[in-house]
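Step one of this worksheet: look at the structure below.
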Amino acid sequence: MTTAIDAGLLLLRVTIGLTLAAHGYAKIFRGGRLTGTARWFDSIGMRPGQLHAPLAAFTEIAAGVLFALGLFTPLAAAMMIALMVVAAWTVHRHSGFFIVGNGWEYNFVLACVALTVAVTGAGTLSVDHLIGLGSGTDQWWGLTIALVIGLGAGIGQIAVFFRPPAPTD
């Protein structure tokens, strides 16, 4: 039986997931495309940019589509959390909290939405539900997967690859 909560989860998943996928699409097909995105990654210290540009773009697309479909939702949430940890730390941390000042607010909200859906499950209007994933105690696994993999991947990527440029006066 579909409830208002299931409909709300569907709306949330589709809105957030497709928005994230659009960010990945833009990195590949808009503006400076992957080459420009790679140069930008190099300029902020995520080196090598030629590795991180397609990695970020395709992860955004994959995580967004999986999240929108409600397919392997805890893994999609983990991918989103990793992306948001890296973005918040490498781009937005020095700008404060609010997005209007280029702060990390947006990254925080998306990571929290991803974590929330990993905990609650994707709902009955999801592929996970159709194939029998995400019910009962599985939500605790969703929380564990999203947090451990998401935070671990994000922090690990920063530790291994982030070398910020020297400050300029």
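Residues are referred to by chain and number: the chain letter is A, B, ... according to the order shown in the structure tokens, the number counts from 1 in that chain, and ligands are numbered separately from 1 in the order shown.
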
Subject >> Selection near Ala114 of chain A, 10 Å with only C-alpha atoms, sequence-local residues under 4 positions removed, as a VMD selection string >> reply: chain A and resid 12 to 13 16 to 17 67 73 to 81 108 to 110 118 to 119 143 146 to 147

Output for the residues just chosen: all heavy atoms as a short mmCIF file (atom, residue, chain, number, x, y, z; two decimals), in the first residue's frame:
data_model
loop_
_atom_site.label_atom_id
_atom_site.label_comp_id
_atom_site.auth_asym_id
_atom_site.auth_seq_id
_atom_site.Cartn_x
_atom_site.Cartn_y
_atom_site.Cartn_z
N LEU A 12 11.13 13.45 -3.06
CA LEU A 12 12.45 13.84 -2.55
C LEU A 12 13.57 13.17 -3.34
O LEU A 12 14.52 13.83 -3.77
CB LEU A 12 12.54 13.47 -1.06
CG LEU A 12 13.71 13.97 -0.27
CD1 LEU A 12 13.70 15.49 -0.20
CD2 LEU A 12 13.67 13.38 1.12
N ARG A 13 13.44 11.86 -3.53
CA ARG A 13 14.48 11.12 -4.26
C ARG A 13 14.63 11.62 -5.69
O ARG A 13 15.75 11.83 -6.18
CB ARG A 13 14.17 9.62 -4.29
CG ARG A 13 14.36 8.88 -3.00
CD ARG A 13 14.30 7.35 -3.18
NE ARG A 13 13.75 6.90 -4.42
CZ ARG A 13 12.47 6.53 -4.62
NH1 ARG A 13 11.62 6.56 -3.61
NH2 ARG A 13 12.07 6.12 -5.80
N ILE A 16 16.07 15.44 -5.73
CA ILE A 16 17.48 15.51 -5.35
C ILE A 16 18.34 14.69 -6.31
O ILE A 16 19.40 15.14 -6.75
CB ILE A 16 17.69 15.03 -3.90
CG1 ILE A 16 16.91 15.91 -2.91
CG2 ILE A 16 19.16 14.96 -3.53
CD1 ILE A 16 17.34 17.35 -2.86
N GLY A 17 17.89 13.50 -6.64
CA GLY A 17 18.68 12.63 -7.51
C GLY A 17 18.90 13.21 -8.90
O GLY A 17 20.02 13.23 -9.41
N PHE A 67 19.67 7.13 -6.87
CA PHE A 67 18.86 7.72 -5.80
C PHE A 67 17.45 8.01 -6.29
O PHE A 67 16.47 7.72 -5.60
CB PHE A 67 19.55 9.00 -5.30
CG PHE A 67 19.09 9.46 -3.95
CD1 PHE A 67 19.46 8.79 -2.80
CD2 PHE A 67 18.29 10.59 -3.83
CE1 PHE A 67 19.05 9.22 -1.55
CE2 PHE A 67 17.87 11.02 -2.58
CZ PHE A 67 18.25 10.34 -1.44
N THR A 73 19.73 2.14 -2.71
CA THR A 73 19.64 3.46 -2.10
C THR A 73 20.75 3.75 -1.10
O THR A 73 21.32 4.84 -1.14
CB THR A 73 18.25 3.67 -1.49
OG1 THR A 73 17.27 3.44 -2.52
CG2 THR A 73 18.08 5.06 -0.94
N PRO A 74 21.11 2.84 -0.20
CA PRO A 74 22.21 3.16 0.72
C PRO A 74 23.53 3.43 0.00
O PRO A 74 24.29 4.31 0.40
CB PRO A 74 22.31 1.92 1.62
CG PRO A 74 20.94 1.33 1.57
CD PRO A 74 20.46 1.57 0.16
N LEU A 75 23.80 2.70 -1.08
CA LEU A 75 25.01 2.93 -1.86
C LEU A 75 24.94 4.28 -2.57
O LEU A 75 25.92 5.03 -2.58
CB LEU A 75 25.23 1.81 -2.87
CG LEU A 75 26.45 1.96 -3.76
CD1 LEU A 75 27.73 1.99 -2.94
CD2 LEU A 75 26.49 0.82 -4.78
N ALA A 76 23.78 4.60 -3.15
CA ALA A 76 23.61 5.91 -3.79
C ALA A 76 23.80 7.02 -2.76
O ALA A 76 24.44 8.04 -3.04
CB ALA A 76 22.22 6.00 -4.43
N ALA A 77 23.26 6.83 -1.57
CA ALA A 77 23.42 7.82 -0.50
C ALA A 77 24.89 7.95 -0.11
O ALA A 77 25.38 9.07 0.11
CB ALA A 77 22.58 7.43 0.71
N ALA A 78 25.60 6.84 -0.03
CA ALA A 78 27.03 6.88 0.30
C ALA A 78 27.80 7.67 -0.75
O ALA A 78 28.68 8.48 -0.42
CB ALA A 78 27.58 5.46 0.42
N MET A 79 27.46 7.44 -2.01
CA MET A 79 28.12 8.18 -3.09
C MET A 79 27.85 9.68 -2.96
O MET A 79 28.76 10.50 -3.13
CB MET A 79 27.64 7.65 -4.45
CG MET A 79 28.06 6.21 -4.72
SD MET A 79 27.10 5.42 -6.05
CE MET A 79 27.72 6.26 -7.49
N MET A 80 26.59 10.03 -2.67
CA MET A 80 26.23 11.44 -2.51
C MET A 80 26.97 12.06 -1.33
O MET A 80 27.48 13.18 -1.42
CB MET A 80 24.72 11.58 -2.31
CG MET A 80 23.93 11.27 -3.56
SD MET A 80 22.15 11.23 -3.27
CE MET A 80 21.83 12.92 -2.78
N ILE A 81 27.04 11.34 -0.23
CA ILE A 81 27.73 11.86 0.95
C ILE A 81 29.21 12.08 0.64
O ILE A 81 29.78 13.12 0.99
CB ILE A 81 27.52 10.92 2.16
CG1 ILE A 81 26.06 11.00 2.62
CG2 ILE A 81 28.49 11.25 3.29
CD1 ILE A 81 25.65 9.91 3.59
N PHE A 108 25.81 20.22 2.90
CA PHE A 108 25.33 19.67 4.15
C PHE A 108 23.88 19.16 4.00
O PHE A 108 23.56 18.05 4.43
CB PHE A 108 25.42 20.74 5.24
CG PHE A 108 24.89 20.31 6.57
CD1 PHE A 108 25.56 19.36 7.33
CD2 PHE A 108 23.72 20.86 7.07
CE1 PHE A 108 25.07 18.97 8.57
CE2 PHE A 108 23.23 20.48 8.30
CZ PHE A 108 23.90 19.52 9.06
N VAL A 109 23.03 19.96 3.37
CA VAL A 109 21.63 19.57 3.20
C VAL A 109 21.52 18.32 2.32
O VAL A 109 20.79 17.38 2.65
CB VAL A 109 20.80 20.74 2.63
CG1 VAL A 109 19.41 20.28 2.20
CG2 VAL A 109 20.69 21.85 3.67
N LEU A 110 22.24 18.28 1.22
CA LEU A 110 22.18 17.09 0.35
C LEU A 110 22.69 15.84 1.06
O LEU A 110 22.10 14.76 0.92
CB LEU A 110 22.97 17.31 -0.94
CG LEU A 110 22.36 18.26 -1.96
CD1 LEU A 110 23.21 18.30 -3.22
CD2 LEU A 110 20.93 17.88 -2.30
N ALA A 118 18.60 6.92 3.32
CA ALA A 118 19.28 5.64 3.58
C ALA A 118 18.74 5.00 4.84
O ALA A 118 18.60 3.78 4.92
CB ALA A 118 20.79 5.86 3.69
N VAL A 119 18.41 5.82 5.85
CA VAL A 119 17.89 5.30 7.11
C VAL A 119 16.43 4.86 6.98
O VAL A 119 16.05 3.80 7.46
CB VAL A 119 18.03 6.36 8.23
CG1 VAL A 119 17.29 5.93 9.48
CG2 VAL A 119 19.49 6.61 8.54
N LEU A 143 21.96 3.00 7.07
CA LEU A 143 22.69 4.02 7.83
C LEU A 143 24.17 3.70 7.86
O LEU A 143 25.02 4.56 7.59
CB LEU A 143 22.13 4.11 9.24
CG LEU A 143 22.91 4.99 10.22
CD1 LEU A 143 22.82 6.45 9.82
CD2 LEU A 143 22.41 4.78 11.64
N ALA A 146 25.77 4.03 4.30
CA ALA A 146 25.86 5.43 3.87
C ALA A 146 26.94 6.17 4.65
O ALA A 146 27.75 6.90 4.06
CB ALA A 146 24.51 6.12 4.02
N LEU A 147 26.98 5.98 5.96
CA LEU A 147 27.96 6.70 6.77
C LEU A 147 29.38 6.18 6.57
O LEU A 147 30.30 6.96 6.31
CB LEU A 147 27.60 6.63 8.24
CG LEU A 147 26.60 7.65 8.73
CD1 LEU A 147 26.33 7.45 10.23
CD2 LEU A 147 27.05 9.07 8.47
#

Subject >> In segment 118-158 of chain A, DSSP helix (DSSP H, G or I) residues written as a ChimeraX atom specification >> reply: /A:118-120,127-130,138-158

Subject >> Shell of 9 Å around Phe58 of chain A, only C-alpha atoms, local chain residues under 5 positions omitted, as a ChimeraX atom specification >> reply: /A:21,24-25,28,53,63

**OP:** Kindly give the distance, in Å, that separates atom CA of Gly8 of chain A and atom CA of Ile145 of chain A, rounded to a single decimal.
**Re:** 22.7 Å
